[in-house]
Amino acid sequence: MKKTMTVLCVAALIGAAQPLLAAPPAPGDPIGAVYHINEVDKARGLLANVRNHLRDDPTTRIVVVANGGGIDWLLKDAVDKGGLPFAPALDELSAAGVQFKVCRNTLAARRLGDDAVAAQVGVVQAGVGEIARLQARQGYVYIKP
């Protein structure tokens, strides 16, 4: 009996520790998509994907989360390999409702403060934590260009 109660107590604790999962969106509700980027070389492709996504469904709620090497294009005055600035694309997509978020852990590892990111970009403590929260608690789908 004692062994059975211990197993039941542990099972109850494990079950209680599980996060609440979001219900799938109802038909007609906007879809949420979290785009994850951790490589700066994927930035222009990601921007094209986001534009295409919004063209297909302008109601989609999109959050771009960057960590590791993927934050470089979201820093102030960032330019691509050809010298083209990213700011115009950030302005355009922010105006369309896209949110951009950078990992504070990555900033700290590089000895950068929150003020190093472009004006259109927010900062979250952990990029991977934000992705997990958006998926598990808000029902966002994960996209990795």
# chains A, B, ... in the order shown; residues from 1 in each chain; ligands from 1
$ residues_around --residues "A:Val65" --least-positions-apart "6" --cutoff "12 Å" --atoms "only C-alpha atoms" --output "JSON, numbers by chain"
{"A": [33, 34, 35, 36, 37, 38, 39, 43, 46, 71, 73, 74, 98, 99, 100, 101, 102, 103, 104, 106, 121, 122, 123, 124, 125, 126, 127, 128, 129, 130, 131, 132, 133, 134, 142, 143, 144, 145]}
$ select_by_dssp --residues "chain A" --states "helix (DSSP H, G or I)" --output "JSON, numbers by chain"
{"A": [2, 3, 4, 5, 6, 7, 8, 9, 10, 11, 12, 13, 14, 15, 16, 17, 40, 41, 42, 43, 44, 45, 46, 47, 48, 49, 50, 51, 52, 53, 54, 55, 56, 68, 69, 70, 71, 72, 73, 74, 87, 88, 89, 90, 91, 92, 93, 94, 95, 104, 105, 106, 107, 108, 109, 114, 115, 116, 127, 128, 129, 130, 131, 132, 133, 134, 135, 136, 137, 138]}
$ residues_around --residues "A:Pro85" --least-positions-apart "2" --cutoff "12 Å" --atoms "only C-alpha atoms" --output "compact mmCIF listing (two decimals) with N, CA and C atoms, in the first residue's frame"
# COMPACT_ATOMS: atom_id res chain seq x y z
N ALA A 43 18.27 35.88 -42.26
CA ALA A 43 17.40 37.03 -42.00
C ALA A 43 16.60 37.47 -43.23
N ARG A 44 17.25 37.65 -44.36
CA ARG A 44 16.52 38.12 -45.56
C ARG A 44 15.48 37.09 -46.00
N ASP A 72 21.83 39.47 -34.75
CA ASP A 72 22.66 40.51 -35.37
C ASP A 72 21.88 41.48 -36.24
N TRP A 73 20.92 41.00 -36.98
CA TRP A 73 20.17 41.87 -37.89
C TRP A 73 19.13 42.72 -37.16
N LEU A 74 18.91 42.44 -35.88
CA LEU A 74 17.94 43.19 -35.09
C LEU A 74 18.60 44.21 -34.17
N LEU A 75 19.90 44.38 -34.33
CA LEU A 75 20.61 45.40 -33.56
C LEU A 75 20.50 46.74 -34.27
N LYS A 76 20.71 47.82 -33.54
CA LYS A 76 20.65 49.17 -34.13
C LYS A 76 21.58 49.27 -35.33
N ASP A 77 21.10 49.90 -36.37
CA ASP A 77 21.88 50.19 -37.58
C ASP A 77 22.43 48.95 -38.27
N ALA A 78 21.79 47.80 -38.10
CA ALA A 78 22.26 46.57 -38.74
C ALA A 78 22.07 46.64 -40.26
N VAL A 79 23.03 46.09 -40.97
CA VAL A 79 22.96 46.00 -42.43
C VAL A 79 23.29 44.57 -42.85
N ASP A 80 22.83 44.19 -44.04
CA ASP A 80 23.13 42.86 -44.54
C ASP A 80 24.50 42.85 -45.23
N LYS A 81 24.89 41.72 -45.80
CA LYS A 81 26.20 41.60 -46.45
C LYS A 81 26.39 42.59 -47.58
N GLY A 82 25.30 43.00 -48.21
CA GLY A 82 25.36 43.96 -49.30
C GLY A 82 25.30 45.42 -48.83
N GLY A 83 25.26 45.62 -47.52
CA GLY A 83 25.20 46.97 -46.98
C GLY A 83 23.81 47.57 -46.88
N ALA A 87 16.45 48.20 -41.13
CA ALA A 87 15.45 49.07 -40.51
C ALA A 87 14.18 49.27 -41.35
N PRO A 88 14.28 49.50 -42.67
CA PRO A 88 13.04 49.67 -43.45
C PRO A 88 12.12 48.45 -43.38
N ALA A 89 12.69 47.26 -43.42
CA ALA A 89 11.87 46.04 -43.33
C ALA A 89 11.25 45.93 -41.94
N LEU A 90 12.01 46.28 -40.92
CA LEU A 90 11.47 46.24 -39.55
C LEU A 90 10.32 47.23 -39.41
N ASP A 91 10.48 48.41 -39.98
CA ASP A 91 9.41 49.42 -39.94
C ASP A 91 8.16 48.91 -40.64
N ALA A 118 17.40 47.45 -32.16
CA ALA A 118 16.67 48.45 -32.95
C ALA A 118 15.39 48.85 -32.22
$ atom_distance --atom1 "atom CA of A:Gly68" --atom2 "atom CA of A:Ile31"
26.5 Å
$ select_by_dssp --residues "chain A" --states "strand (DSSP E)" --output "ChimeraX atom specification"
/A:32-37,61-66,99-103,121-124,141-143
